[in-house]
Amino acid sequence: MLKQAIFRTFRDKEIKKHELRYLFWECTLRCNLHCLHCGSDCLATSGVKDMPVADFVRVLDDIKKNNPYQNLTVCITGGEPLLRSDLEEAGREIKKRGFRWGIVTNSLALTPERFVSIINAGLSSMSFSLDGFEKEHNHLRQNEHSFEKVQEAVKMAVSFQKQFPRRLVFDVITCVHRGNLPILRDLRAKLIEMGVKRWRIFSIFPEGRAAQNDLALTPKEYKEVMDFIVETRNYKTDDGKSINLNYSCEGYLGDYELKARDFYFFCRGGVNVGSVMCDGSVSACLSVRAKDFIQGNIYEENFEFMRLWNERYKNMRDRSWAKTGECAKCKEWKNCLGNGLHLHSDAKSEPVRCNMRLLAEGASSD
């Protein structure tokens, strides 16, 4: 396809240039929930101390000084970032350097007062985790109050966004598994009714606590999810309302590319996306945790993140190592490049799953 060939040219230029545009900060590994699908296996108390704001600020100063791209977005995540009493201090330091910042939150600790507080500290984006209605969501989150709290949080964000349309961007994230697959259409109706404009769907991959629980979709179920996403992207209520739904950037979808999301698959880990983990380790997005993809540690490298960004990350930008096993035989290799980095246990292995194969198997079982 001509469009995909053009995109590959664009992708190759992006890889060669590798501008740092998006930085995750894993500010804590503490969490006030014990979710069944947690990829980081976070706990109420953590053996890894929270990174001091001052240490992260030294990273920001290095980026401000040495990164040619000045419109960086910082996503603060964890664990649960709202457990930090100094979250606002971190936000103000990010804003002071001319960067945008946002959080991913389970909303359990989000009160109206805290919402105003983080907005006043310059927060401009939020992602809320909502995995169904009370029964489905609370089961996955292992907390009887979780659904109530995230619903309140979404309502706060919708109300604020209506008053100040340019101040806040937010979306709802849903992790789909066989327990909530049957209620997706009802959830869509609820989100539209609440005034949510953006929705993202993830499928659960076996990492951390998720590896201990049977939450993976069968090929048939996975295809059902893709078909639901395609349907929703063309869906309008009787009074003309809709919701912008995208599948995550997890992997290459073959014939579903551009049908299930707004963009062609491109794992930008180490290309435009970096991270600083709670212990100071440096990698790509925080789902990429395999030892081979840790590029150093800020505490061992004098907080010189940009030097690591420019000198390392080679195995994320040159993915030729991933052309092995079934991937080496695949006619879609040039478009896929071995799927998402988080699906590799090291820089020698095949991905633990192939999204395109899942869809093919799902289609054959219809």
# chains A, B, ... in the order shown; residues from 1 in each chain; ligands from 1
>>> select_by_dssp(residues="segment 17-112 of chain A", states="helix (DSSP H, G or I)", output="PyMOL selection string")
chain A and resi 17+53-66+81-83+87-96+112
>>> residues_around(residues="segment 282-285 of chain A", least_positions_apart="4", cutoff="7 Å", atoms="only C-alpha atoms", output="mmCIF file with N, CA, C and O atoms, in the first residue's frame")
data_model
loop_
_atom_site.group_PDB
_atom_site.id
_atom_site.type_symbol
_atom_site.label_atom_id
_atom_site.label_comp_id
_atom_site.auth_asym_id
_atom_site.auth_seq_id
_atom_site.Cartn_x
_atom_site.Cartn_y
_atom_site.Cartn_z
ATOM 1 N N PHE A 24 8.248 9.532 30.535
ATOM 2 C CA PHE A 24 7.541 8.993 31.685
ATOM 3 C C PHE A 24 8.420 9.134 32.927
ATOM 4 O O PHE A 24 9.615 8.841 32.881
ATOM 5 N N GLY A 269 9.190 3.590 21.544
ATOM 6 C CA GLY A 269 10.082 3.441 22.684
ATOM 7 C C GLY A 269 11.533 3.625 22.274
ATOM 8 O O GLY A 269 12.022 2.936 21.385
ATOM 9 N N GLY A 270 12.234 4.569 22.906
ATOM 10 C CA GLY A 270 13.619 4.838 22.547
ATOM 11 C C GLY A 270 13.782 5.670 21.301
ATOM 12 O O GLY A 270 14.905 6.031 20.928
ATOM 13 N N VAL A 273 10.116 8.328 22.900
ATOM 14 C CA VAL A 273 9.613 8.112 24.259
ATOM 15 C C VAL A 273 10.714 7.537 25.145
ATOM 16 O O VAL A 273 11.331 6.524 24.811
ATOM 17 N N GLY A 274 10.941 8.198 26.276
ATOM 18 C CA GLY A 274 11.891 7.706 27.261
ATOM 19 C C GLY A 274 11.245 7.646 28.630
ATOM 20 O O GLY A 274 10.105 8.076 28.824
ATOM 21 N N SER A 275 11.976 7.120 29.603
ATOM 22 C CA SER A 275 11.439 7.051 30.957
ATOM 23 C C SER A 275 12.554 7.082 31.982
ATOM 24 O O SER A 275 13.691 6.683 31.703
ATOM 25 N N VAL A 276 12.180 7.557 33.163
ATOM 26 C CA VAL A 276 13.029 7.444 34.346
ATOM 27 C C VAL A 276 12.233 6.655 35.375
ATOM 28 O O VAL A 276 11.163 7.095 35.812
ATOM 29 N N MET A 277 12.738 5.482 35.727
ATOM 30 C CA MET A 277 12.043 4.621 36.680
ATOM 31 C C MET A 277 12.329 5.058 38.110
ATOM 32 O O MET A 277 13.229 5.868 38.371
ATOM 33 N N PHE A 293 16.799 -3.772 27.936
ATOM 34 C CA PHE A 293 16.343 -2.466 27.472
ATOM 35 C C PHE A 293 16.549 -1.358 28.501
ATOM 36 O O PHE A 293 16.150 -0.219 28.270
ATOM 37 N N ILE A 294 17.164 -1.683 29.628
ATOM 38 C CA ILE A 294 17.556 -0.649 30.580
ATOM 39 C C ILE A 294 18.848 -0.026 30.066
ATOM 40 O O ILE A 294 19.844 -0.714 29.859
ATOM 41 N N GLN A 295 18.839 1.270 29.851
ATOM 42 C CA GLN A 295 19.944 1.939 29.160
ATOM 43 C C GLN A 295 20.940 2.626 30.108
ATOM 44 O O GLN A 295 21.885 3.275 29.650
ATOM 45 N N GLY A 296 20.728 2.463 31.386
ATOM 46 C CA GLY A 296 21.612 3.076 32.363
ATOM 47 C C GLY A 296 20.806 3.511 33.568
ATOM 48 O O GLY A 296 19.640 3.141 33.732
ATOM 49 N N ASN A 297 21.421 4.317 34.441
ATOM 50 C CA ASN A 297 20.765 4.778 35.662
ATOM 51 C C ASN A 297 21.250 6.196 35.948
ATOM 52 O O ASN A 297 22.457 6.477 35.924
#
>>> atom_distance(atom1="atom CA of Lys291 of chain A", atom2="atom CA of Met51 of chain A")
20.1 Å
>>> atom_distance(atom1="atom CA of Lys65 of chain A", atom2="atom CA of Arg307 of chain A")
11.4 Å
>>> atom_distance(atom1="atom CA of Cys249 of chain A", atom2="atom CA of His34 of chain A")
24.8 Å
>>> select_by_dssp(residues="segment 146-239 of chain A", states="strand (DSSP E)", output="PyMOL selection string")
chain A and resi 169-176+198-203
>>> write_last_selection(atoms="N, CA and C atoms", output="mmCIF file, in the first residue's frame")
data_model
loop_
_atom_site.group_PDB
_atom_site.id
_atom_site.type_symbol
_atom_site.label_atom_id
_atom_site.label_comp_id
_atom_site.auth_asym_id
_atom_site.auth_seq_id
_atom_site.Cartn_x
_atom_site.Cartn_y
_atom_site.Cartn_z
ATOM 1 N N VAL A 169 -6.810 18.124 28.851
ATOM 2 C CA VAL A 169 -7.111 17.011 27.949
ATOM 3 C C VAL A 169 -7.144 15.749 28.805
ATOM 4 N N PHE A 170 -8.164 14.933 28.643
ATOM 5 C CA PHE A 170 -8.193 13.688 29.408
ATOM 6 C C PHE A 170 -8.813 12.578 28.582
ATOM 7 N N ASP A 171 -8.476 11.359 28.948
ATOM 8 C CA ASP A 171 -9.124 10.211 28.333
ATOM 9 C C ASP A 171 -9.362 9.134 29.381
ATOM 10 N N VAL A 172 -10.169 8.168 28.998
ATOM 11 C CA VAL A 172 -10.455 6.991 29.829
ATOM 12 C C VAL A 172 -9.772 5.799 29.204
ATOM 13 N N ILE A 173 -9.082 5.019 30.045
ATOM 14 C CA ILE A 173 -8.378 3.822 29.590
ATOM 15 C C ILE A 173 -9.103 2.594 30.126
ATOM 16 N N THR A 174 -9.380 1.644 29.249
ATOM 17 C CA THR A 174 -10.020 0.395 29.649
ATOM 18 C C THR A 174 -9.149 -0.786 29.253
ATOM 19 N N CYS A 175 -8.809 -1.609 30.229
ATOM 20 C CA CYS A 175 -8.086 -2.857 29.962
ATOM 21 C C CYS A 175 -9.121 -3.952 29.732
ATOM 22 N N VAL A 176 -9.169 -4.479 28.517
ATOM 23 C CA VAL A 176 -10.198 -5.449 28.158
ATOM 24 C C VAL A 176 -9.707 -6.868 28.430
ATOM 25 N N ARG A 198 -12.720 11.007 24.688
ATOM 26 C CA ARG A 198 -11.602 10.165 24.260
ATOM 27 C C ARG A 198 -11.554 8.898 25.105
ATOM 28 N N TRP A 199 -11.341 7.775 24.418
ATOM 29 C CA TRP A 199 -11.339 6.466 25.071
ATOM 30 C C TRP A 199 -10.231 5.635 24.442
ATOM 31 N N ARG A 200 -9.472 4.944 25.273
ATOM 32 C CA ARG A 200 -8.435 4.031 24.789
ATOM 33 C C ARG A 200 -8.666 2.637 25.348
ATOM 34 N N ILE A 201 -8.461 1.652 24.517
ATOM 35 C CA ILE A 201 -8.583 0.259 24.948
ATOM 36 C C ILE A 201 -7.224 -0.419 24.870
ATOM 37 N N PHE A 202 -6.887 -1.112 25.950
ATOM 38 C CA PHE A 202 -5.683 -1.936 26.019
ATOM 39 C C PHE A 202 -6.108 -3.383 26.174
ATOM 40 N N SER A 203 -5.287 -4.300 25.684
ATOM 41 C CA SER A 203 -5.449 -5.705 26.057
ATOM 42 C C SER A 203 -4.327 -6.028 27.036
#
>>> closest_residue(among="A:Glu19, A:Glu152, A:Glu332, A:Glu134", to="Thr111 of chain A", atoms="only C-alpha atoms")
A:Glu152
